[in-house]
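Have a look at data-v5.txt below; it lists compact mmCIF, N, CA and C atoms and all ligand atoms.
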# COMPACT_ATOMS: atom_id res chain seq x y z
N MET I 15 65.98 -8.26 6.25
CA MET I 15 65.22 -7.08 5.88
C MET I 15 63.89 -7.49 5.22
N SER I 16 62.82 -6.89 5.67
CA SER I 16 61.53 -7.24 5.07
C SER I 16 61.04 -6.10 4.16
N ILE I 17 60.27 -6.49 3.19
CA ILE I 17 59.75 -5.49 2.24
C ILE I 17 58.34 -5.09 2.66
N ASP I 18 58.09 -3.85 2.65
CA ASP I 18 56.75 -3.37 3.00
C ASP I 18 55.86 -3.38 1.74
N TYR I 19 54.91 -4.29 1.74
CA TYR I 19 54.05 -4.45 0.54
C TYR I 19 52.82 -3.54 0.56
N SER I 20 52.65 -2.83 1.65
CA SER I 20 51.37 -2.13 1.82
C SER I 20 51.09 -1.08 0.74
N ASN I 21 52.17 -0.62 0.09
CA ASN I 21 51.92 0.38 -0.96
C ASN I 21 51.70 -0.24 -2.33
N PHE I 22 51.75 -1.55 -2.42
CA PHE I 22 51.61 -2.17 -3.74
C PHE I 22 50.20 -2.70 -3.99
N ALA I 23 50.04 -3.95 -3.78
CA ALA I 23 48.80 -4.61 -4.20
C ALA I 23 47.53 -4.03 -3.57
N PHE I 24 47.57 -3.80 -2.28
CA PHE I 24 46.31 -3.45 -1.60
C PHE I 24 45.68 -2.14 -2.05
N PRO I 25 46.48 -1.06 -2.14
CA PRO I 25 45.83 0.18 -2.57
C PRO I 25 45.18 0.05 -3.94
N LYS I 26 45.81 -0.72 -4.81
CA LYS I 26 45.27 -0.93 -6.14
C LYS I 26 43.89 -1.60 -6.07
N GLN I 27 43.83 -2.62 -5.23
CA GLN I 27 42.59 -3.36 -5.08
C GLN I 27 41.49 -2.45 -4.50
N LYS I 28 41.90 -1.60 -3.59
CA LYS I 28 40.95 -0.70 -2.96
C LYS I 28 40.34 0.25 -4.00
N GLN I 29 41.21 0.75 -4.86
CA GLN I 29 40.75 1.65 -5.92
C GLN I 29 39.69 0.98 -6.78
N LEU I 30 39.96 -0.24 -7.13
CA LEU I 30 39.06 -1.00 -7.97
C LEU I 30 37.71 -1.15 -7.30
N LYS I 31 37.76 -1.43 -6.00
CA LYS I 31 36.54 -1.64 -5.24
C LYS I 31 35.72 -0.35 -5.20
N GLU I 32 36.42 0.76 -4.99
CA GLU I 32 35.72 2.04 -4.93
C GLU I 32 35.05 2.37 -6.26
N LYS I 33 35.74 2.04 -7.32
CA LYS I 33 35.21 2.30 -8.66
C LYS I 33 33.92 1.49 -8.88
N LYS I 34 33.97 0.24 -8.43
CA LYS I 34 32.82 -0.64 -8.59
C LYS I 34 31.63 -0.12 -7.76
N GLN I 35 31.95 0.31 -6.54
CA GLN I 35 30.90 0.82 -5.67
C GLN I 35 30.27 2.07 -6.27
N TYR I 36 31.11 2.90 -6.88
CA TYR I 36 30.61 4.12 -7.51
C TYR I 36 29.64 3.76 -8.63
N ARG I 37 30.05 2.80 -9.43
CA ARG I 37 29.20 2.38 -10.55
C ARG I 37 27.85 1.88 -10.06
N LEU I 38 27.87 1.07 -9.01
CA LEU I 38 26.64 0.52 -8.46
C LEU I 38 25.73 1.63 -7.95
N LYS I 39 26.34 2.59 -7.24
CA LYS I 39 25.59 3.68 -6.66
C LYS I 39 24.97 4.52 -7.78
N HIS I 40 25.78 4.78 -8.79
CA HIS I 40 25.34 5.58 -9.91
C HIS I 40 24.14 4.91 -10.59
N LYS I 41 24.25 3.63 -10.81
CA LYS I 41 23.21 2.86 -11.47
C LYS I 41 21.91 2.90 -10.65
N SER I 42 22.05 2.73 -9.33
CA SER I 42 20.84 2.66 -8.53
C SER I 42 20.17 4.03 -8.41
N SER I 43 20.94 5.13 -8.50
CA SER I 43 20.29 6.43 -8.44
C SER I 43 19.54 6.72 -9.73
N LYS I 44 20.06 6.19 -10.84
CA LYS I 44 19.36 6.32 -12.12
C LYS I 44 18.04 5.54 -12.07
N LEU I 45 18.11 4.36 -11.49
CA LEU I 45 16.92 3.52 -11.36
C LEU I 45 15.91 4.17 -10.41
N ALA I 46 16.43 4.79 -9.37
CA ALA I 46 15.54 5.47 -8.41
C ALA I 46 14.79 6.60 -9.09
N LYS I 47 15.47 7.30 -9.99
CA LYS I 47 14.83 8.39 -10.72
C LYS I 47 13.71 7.85 -11.60
N LEU I 48 14.00 6.72 -12.27
CA LEU I 48 12.99 6.07 -13.10
C LEU I 48 11.79 5.68 -12.24
N GLU I 49 12.08 5.13 -11.06
CA GLU I 49 11.00 4.70 -10.17
C GLU I 49 10.13 5.87 -9.72
N ARG I 50 10.78 6.99 -9.44
CA ARG I 50 10.03 8.18 -9.02
C ARG I 50 9.13 8.69 -10.12
N ASN I 51 9.55 8.54 -11.37
CA ASN I 51 8.80 9.11 -12.49
C ASN I 51 7.89 8.09 -13.18
N ARG I 52 7.55 7.03 -12.47
CA ARG I 52 6.72 6.01 -13.10
C ARG I 52 5.36 6.57 -13.52
N PHE I 53 4.91 6.13 -14.68
CA PHE I 53 3.59 6.52 -15.19
C PHE I 53 2.98 5.29 -15.84
N SER I 54 1.73 5.40 -16.31
CA SER I 54 1.08 4.23 -16.86
C SER I 54 0.34 4.54 -18.15
N ILE I 55 0.48 3.68 -19.15
CA ILE I 55 -0.34 3.80 -20.35
C ILE I 55 -1.54 2.84 -20.24
N LEU I 56 -1.64 2.14 -19.11
CA LEU I 56 -2.75 1.21 -18.91
C LEU I 56 -3.92 1.86 -18.17
N THR I 57 -3.61 2.88 -17.39
CA THR I 57 -4.66 3.55 -16.62
C THR I 57 -4.32 5.01 -16.41
N ASN I 58 -5.36 5.84 -16.24
CA ASN I 58 -5.13 7.26 -15.94
C ASN I 58 -5.12 7.49 -14.44
N ASN I 59 -5.54 6.49 -13.69
CA ASN I 59 -5.67 6.65 -12.25
C ASN I 59 -4.64 5.79 -11.51
N LEU I 60 -3.59 6.44 -11.06
CA LEU I 60 -2.55 5.70 -10.33
C LEU I 60 -2.80 5.69 -8.83
N GLU I 61 -3.97 6.23 -8.45
CA GLU I 61 -4.26 6.34 -7.01
C GLU I 61 -5.03 5.14 -6.49
N LYS I 62 -5.62 4.39 -7.40
CA LYS I 62 -6.48 3.27 -6.97
C LYS I 62 -6.05 1.99 -7.68
N CYS I 63 -6.23 0.87 -7.01
CA CYS I 63 -5.85 -0.44 -7.55
C CYS I 63 -6.46 -0.65 -8.94
N TYR I 64 -5.68 -1.22 -9.82
CA TYR I 64 -6.12 -1.49 -11.20
C TYR I 64 -7.24 -2.52 -11.24
N PHE I 65 -7.31 -3.35 -10.21
CA PHE I 65 -8.27 -4.47 -10.21
C PHE I 65 -9.45 -4.28 -9.28
N CYS I 66 -9.32 -3.40 -8.29
CA CYS I 66 -10.42 -3.19 -7.35
C CYS I 66 -10.44 -1.72 -6.92
N GLU I 67 -11.22 -1.40 -5.92
CA GLU I 67 -11.41 0.00 -5.52
C GLU I 67 -10.42 0.45 -4.45
N ASN I 68 -9.58 -0.44 -4.02
CA ASN I 68 -8.64 -0.13 -2.94
C ASN I 68 -7.69 1.01 -3.35
N THR I 69 -7.52 1.97 -2.45
CA THR I 69 -6.62 3.09 -2.76
C THR I 69 -5.29 2.99 -2.02
N ASN I 70 -5.15 1.93 -1.27
CA ASN I 70 -3.86 1.67 -0.60
C ASN I 70 -3.01 0.82 -1.55
N ILE I 71 -2.23 1.49 -2.38
CA ILE I 71 -1.60 0.78 -3.50
C ILE I 71 -0.07 0.91 -3.55
N GLU I 72 0.52 0.03 -4.32
CA GLU I 72 1.94 0.14 -4.69
C GLU I 72 1.97 0.06 -6.21
N LEU I 73 2.99 0.67 -6.81
CA LEU I 73 3.09 0.57 -8.27
C LEU I 73 3.81 -0.73 -8.64
N HIS I 74 3.28 -1.37 -9.66
CA HIS I 74 3.78 -2.67 -10.06
C HIS I 74 4.20 -2.62 -11.53
N GLU I 75 5.40 -3.09 -11.84
CA GLU I 75 5.84 -3.13 -13.23
C GLU I 75 5.29 -4.41 -13.86
N VAL I 76 4.69 -4.27 -15.03
CA VAL I 76 4.04 -5.42 -15.67
C VAL I 76 5.07 -6.51 -16.02
N PHE I 77 6.19 -6.08 -16.60
CA PHE I 77 7.21 -7.06 -16.96
C PHE I 77 8.33 -7.01 -15.94
N ARG I 78 8.83 -8.19 -15.59
CA ARG I 78 9.82 -8.25 -14.52
C ARG I 78 11.20 -8.61 -15.03
N GLY I 79 12.10 -8.83 -14.12
CA GLY I 79 13.47 -9.19 -14.47
C GLY I 79 14.14 -8.07 -15.24
N ARG I 80 14.77 -8.45 -16.36
CA ARG I 80 15.48 -7.42 -17.13
C ARG I 80 14.54 -6.46 -17.85
N ASN I 81 13.24 -6.80 -17.88
CA ASN I 81 12.29 -5.90 -18.54
C ASN I 81 11.59 -4.96 -17.56
N ARG I 82 11.98 -5.05 -16.28
CA ARG I 82 11.36 -4.19 -15.29
C ARG I 82 11.63 -2.72 -15.61
N LYS I 83 12.89 -2.43 -15.94
CA LYS I 83 13.29 -1.06 -16.27
C LYS I 83 12.54 -0.58 -17.52
N LYS I 84 12.43 -1.47 -18.50
CA LYS I 84 11.71 -1.13 -19.73
C LYS I 84 10.25 -0.82 -19.42
N SER I 85 9.67 -1.57 -18.49
CA SER I 85 8.29 -1.34 -18.09
C SER I 85 8.13 0.08 -17.56
N MET I 86 9.11 0.53 -16.78
CA MET I 86 9.04 1.87 -16.22
C MET I 86 9.21 2.91 -17.31
N ILE I 87 10.14 2.66 -18.23
CA ILE I 87 10.42 3.62 -19.30
C ILE I 87 9.20 3.81 -20.19
N TRP I 88 8.48 2.70 -20.48
CA TRP I 88 7.36 2.75 -21.42
C TRP I 88 5.99 2.86 -20.76
N GLY I 89 5.95 2.97 -19.45
CA GLY I 89 4.67 3.15 -18.76
C GLY I 89 3.84 1.89 -18.65
N LEU I 90 4.51 0.75 -18.68
CA LEU I 90 3.78 -0.49 -18.45
C LEU I 90 3.81 -0.79 -16.94
N VAL I 91 3.09 0.07 -16.25
CA VAL I 91 3.07 0.06 -14.80
C VAL I 91 1.61 0.15 -14.36
N ILE I 92 1.23 -0.55 -13.33
CA ILE I 92 -0.13 -0.42 -12.81
C ILE I 92 -0.09 -0.26 -11.29
N PRO I 93 -1.09 0.44 -10.75
CA PRO I 93 -1.21 0.48 -9.29
C PRO I 93 -1.92 -0.78 -8.82
N ALA I 94 -1.43 -1.40 -7.78
CA ALA I 94 -2.08 -2.61 -7.26
C ALA I 94 -2.10 -2.59 -5.74
N CYS I 95 -3.24 -3.00 -5.19
CA CYS I 95 -3.35 -3.11 -3.74
C CYS I 95 -2.51 -4.32 -3.30
N ARG I 96 -2.36 -4.48 -2.02
CA ARG I 96 -1.54 -5.55 -1.48
C ARG I 96 -2.01 -6.92 -1.96
N LYS I 97 -3.32 -7.10 -1.93
CA LYS I 97 -3.89 -8.40 -2.32
C LYS I 97 -3.60 -8.71 -3.78
N HIS I 98 -3.83 -7.73 -4.65
CA HIS I 98 -3.62 -7.98 -6.07
C HIS I 98 -2.13 -8.00 -6.46
N HIS I 99 -1.34 -7.27 -5.69
CA HIS I 99 0.11 -7.32 -5.90
C HIS I 99 0.62 -8.73 -5.63
N LYS I 100 0.11 -9.28 -4.54
CA LYS I 100 0.49 -10.63 -4.13
C LYS I 100 0.04 -11.65 -5.19
N LEU I 101 -1.16 -11.42 -5.69
CA LEU I 101 -1.70 -12.32 -6.70
C LEU I 101 -0.83 -12.28 -7.97
N LEU I 102 -0.40 -11.08 -8.34
CA LEU I 102 0.45 -10.93 -9.52
C LEU I 102 1.79 -11.64 -9.34
N THR I 103 2.26 -11.64 -8.11
CA THR I 103 3.54 -12.28 -7.83
C THR I 103 3.41 -13.80 -7.81
N ASN I 104 2.28 -14.29 -7.29
CA ASN I 104 2.15 -15.73 -7.08
C ASN I 104 1.36 -16.49 -8.13
N ASN I 105 0.52 -15.77 -8.86
CA ASN I 105 -0.35 -16.45 -9.82
C ASN I 105 0.09 -16.15 -11.25
N LYS I 106 0.71 -17.14 -11.86
CA LYS I 106 1.27 -16.96 -13.21
C LYS I 106 0.21 -16.61 -14.23
N GLU I 107 -0.95 -17.29 -14.14
CA GLU I 107 -2.05 -17.06 -15.07
C GLU I 107 -2.51 -15.61 -15.01
N PHE I 108 -2.67 -15.12 -13.79
CA PHE I 108 -3.13 -13.75 -13.55
C PHE I 108 -2.12 -12.73 -14.10
N SER I 109 -0.85 -12.95 -13.83
CA SER I 109 0.16 -11.99 -14.30
C SER I 109 0.34 -12.07 -15.82
N LEU I 110 0.14 -13.25 -16.37
CA LEU I 110 0.23 -13.42 -17.83
C LEU I 110 -0.90 -12.66 -18.53
N GLN I 111 -2.08 -12.70 -17.92
CA GLN I 111 -3.22 -11.95 -18.45
C GLN I 111 -2.90 -10.46 -18.53
N LEU I 112 -2.28 -9.98 -17.47
CA LEU I 112 -1.91 -8.56 -17.43
C LEU I 112 -0.82 -8.25 -18.46
N GLU I 113 0.15 -9.15 -18.57
CA GLU I 113 1.22 -8.96 -19.55
C GLU I 113 0.65 -8.88 -20.97
N ASN I 114 -0.30 -9.76 -21.28
CA ASN I 114 -0.90 -9.76 -22.62
C ASN I 114 -1.69 -8.48 -22.87
N LYS I 115 -2.39 -8.03 -21.85
CA LYS I 115 -3.17 -6.80 -21.98
C LYS I 115 -2.23 -5.62 -22.21
N ALA I 116 -1.16 -5.55 -21.43
CA ALA I 116 -0.18 -4.46 -21.56
C ALA I 116 0.44 -4.47 -22.95
N LYS I 117 0.73 -5.68 -23.43
CA LYS I 117 1.31 -5.84 -24.77
C LYS I 117 0.35 -5.29 -25.83
N ARG I 118 -0.93 -5.64 -25.71
CA ARG I 118 -1.94 -5.17 -26.67
C ARG I 118 -2.02 -3.64 -26.67
N ILE I 119 -2.03 -3.06 -25.46
CA ILE I 119 -2.13 -1.60 -25.35
C ILE I 119 -0.89 -0.93 -25.92
N PHE I 120 0.26 -1.51 -25.65
CA PHE I 120 1.52 -0.96 -26.17
C PHE I 120 1.51 -0.97 -27.70
N ILE I 121 1.12 -2.12 -28.27
CA ILE I 121 1.13 -2.28 -29.73
C ILE I 121 0.14 -1.33 -30.39
N LYS I 122 -1.01 -1.11 -29.74
CA LYS I 122 -2.00 -0.18 -30.26
C LYS I 122 -1.45 1.24 -30.26
N LYS I 123 -0.71 1.57 -29.20
CA LYS I 123 -0.16 2.93 -29.05
C LYS I 123 1.06 3.14 -29.95
N TYR I 124 1.91 2.14 -30.04
CA TYR I 124 3.10 2.22 -30.88
C TYR I 124 2.94 1.22 -32.03
N ASN I 125 3.70 0.15 -32.01
CA ASN I 125 3.48 -0.93 -32.97
C ASN I 125 4.18 -2.19 -32.51
N GLU I 126 3.92 -3.29 -33.22
CA GLU I 126 4.43 -4.58 -32.77
C GLU I 126 5.96 -4.65 -32.84
N GLU I 127 6.54 -4.04 -33.90
CA GLU I 127 8.01 -4.06 -34.05
C GLU I 127 8.67 -3.43 -32.84
N LYS I 128 8.09 -2.31 -32.40
CA LYS I 128 8.63 -1.58 -31.25
C LYS I 128 8.58 -2.46 -30.01
N PHE I 129 7.48 -3.18 -29.85
CA PHE I 129 7.33 -4.04 -28.68
C PHE I 129 8.42 -5.13 -28.68
N ILE I 130 8.58 -5.75 -29.83
CA ILE I 130 9.56 -6.83 -29.94
C ILE I 130 10.97 -6.29 -29.70
N GLU I 131 11.21 -5.09 -30.24
CA GLU I 131 12.52 -4.46 -30.08
C GLU I 131 12.82 -4.16 -28.61
N GLU I 132 11.82 -3.67 -27.89
CA GLU I 132 12.04 -3.24 -26.51
C GLU I 132 11.92 -4.36 -25.48
N PHE I 133 11.02 -5.30 -25.72
CA PHE I 133 10.76 -6.34 -24.71
C PHE I 133 11.11 -7.73 -25.20
N LYS I 134 12.30 -7.87 -25.76
CA LYS I 134 12.70 -9.18 -26.24
C LYS I 134 13.17 -10.06 -25.09
ZN ZN Z 201 -6.83 -4.62 -5.62

Could you show the structure in this file as structure tokens?
Amino acid sequence: MSIDYSNFAFPKQKQLKEKKQYRLKHKSSKLAKLERNRFSILTNNLEKCYFCENTNIELHEVFRGRNRKKSMIWGLVIPACRKHHKLLTNNKEFSLQLENKAKRIFIKKYNEEKFIEEFK
């Protein structure tokens, strides 16, 4: 006589997987909402590149990695054309300049403690 295991381990594992997928989906929809509502404290014009006159732009978060979300929350976002977006991605010096500028503007608007608290 054989035992039918199909009602034991597998359904449990499936449940776990579904729960994880739900969490991921939930998280990404929250992030999508943040992305839709991006604004900038660095510029009033989100229609044109921050560095040149090009109006074919994408929005770029000043701080990346785990601070990307924080950048969106606090408006440390700039519009950048393809060329300058690429430069920000590939040129450390250039992106560092922007990071420092964003930091200065943030501190002027709020204060240094707030910056350290949010962008550690
Ligand atoms: Zn540009």

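Residue nearest Glu72 (chain I) within the list I:Lys44, I:Lys106, I:Lys128, I:His99: I:His99 [criterion: smallest interatomic distance, all atoms listed in the file].
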
Q: Quick one: pull the distance between atom C of Phe120 (chain I) and CA of Lys83 (chain I), Å, one decimal.
A: 16.4 Å

Distance filter 7 Å around ligand ZN 201 (chain Z), atoms: only C-alpha atoms and all ligand atoms, out as a compact mmCIF listing (two decimals) with N, CA and C atoms, in the frame of the given file:
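Heads up, here's the output in selection.txt:
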# COMPACT_ATOMS: atom_id res chain seq x y z
N CYS I 63 -6.23 0.87 -7.01
CA CYS I 63 -5.85 -0.44 -7.55
C CYS I 63 -6.46 -0.65 -8.94
N TYR I 64 -5.68 -1.22 -9.82
CA TYR I 64 -6.12 -1.49 -11.20
C TYR I 64 -7.24 -2.52 -11.24
N PHE I 65 -7.31 -3.35 -10.21
CA PHE I 65 -8.27 -4.47 -10.21
C PHE I 65 -9.45 -4.28 -9.28
N CYS I 66 -9.32 -3.40 -8.29
CA CYS I 66 -10.42 -3.19 -7.35
C CYS I 66 -10.44 -1.72 -6.92
N GLU I 67 -11.22 -1.40 -5.92
CA GLU I 67 -11.41 0.00 -5.52
C GLU I 67 -10.42 0.45 -4.45
N ASN I 68 -9.58 -0.44 -4.02
CA ASN I 68 -8.64 -0.13 -2.94
C ASN I 68 -7.69 1.01 -3.35
N ALA I 94 -1.43 -1.40 -7.78
CA ALA I 94 -2.08 -2.61 -7.26
C ALA I 94 -2.10 -2.59 -5.74
N CYS I 95 -3.24 -3.00 -5.19
CA CYS I 95 -3.35 -3.11 -3.74
C CYS I 95 -2.51 -4.32 -3.30
N ARG I 96 -2.36 -4.48 -2.02
CA ARG I 96 -1.54 -5.55 -1.48
C ARG I 96 -2.01 -6.92 -1.96
N LYS I 97 -3.32 -7.10 -1.93
CA LYS I 97 -3.89 -8.40 -2.32
C LYS I 97 -3.60 -8.71 -3.78
N HIS I 98 -3.83 -7.73 -4.65
CA HIS I 98 -3.62 -7.98 -6.07
C HIS I 98 -2.13 -8.00 -6.46

(Q) Between CA of Leu45 (chain I) and CA of Glu132 (chain I), what is the distance in Å, rounded to a tenth? (A) 17.3 Å

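We find CA of Ile92 (chain I) and CA of His74 (chain I) to be spaced 5.3 Å apart.
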
Q | Polymer residues at most 8 Å from region 46-60 of chain I, only N, CA and C atoms, same-chain spacing of 4 or more positions, as a ChimeraX atom specification | A | /I:40-42,64,69,71-73,83,85-94,115-116,119-120

Q) Counting only C-alpha atoms, which of I:Ile121, I:Glu127, I:Glu113, I:Leu101 gets nearest to Asn81 (chain I)? A) I:Glu113
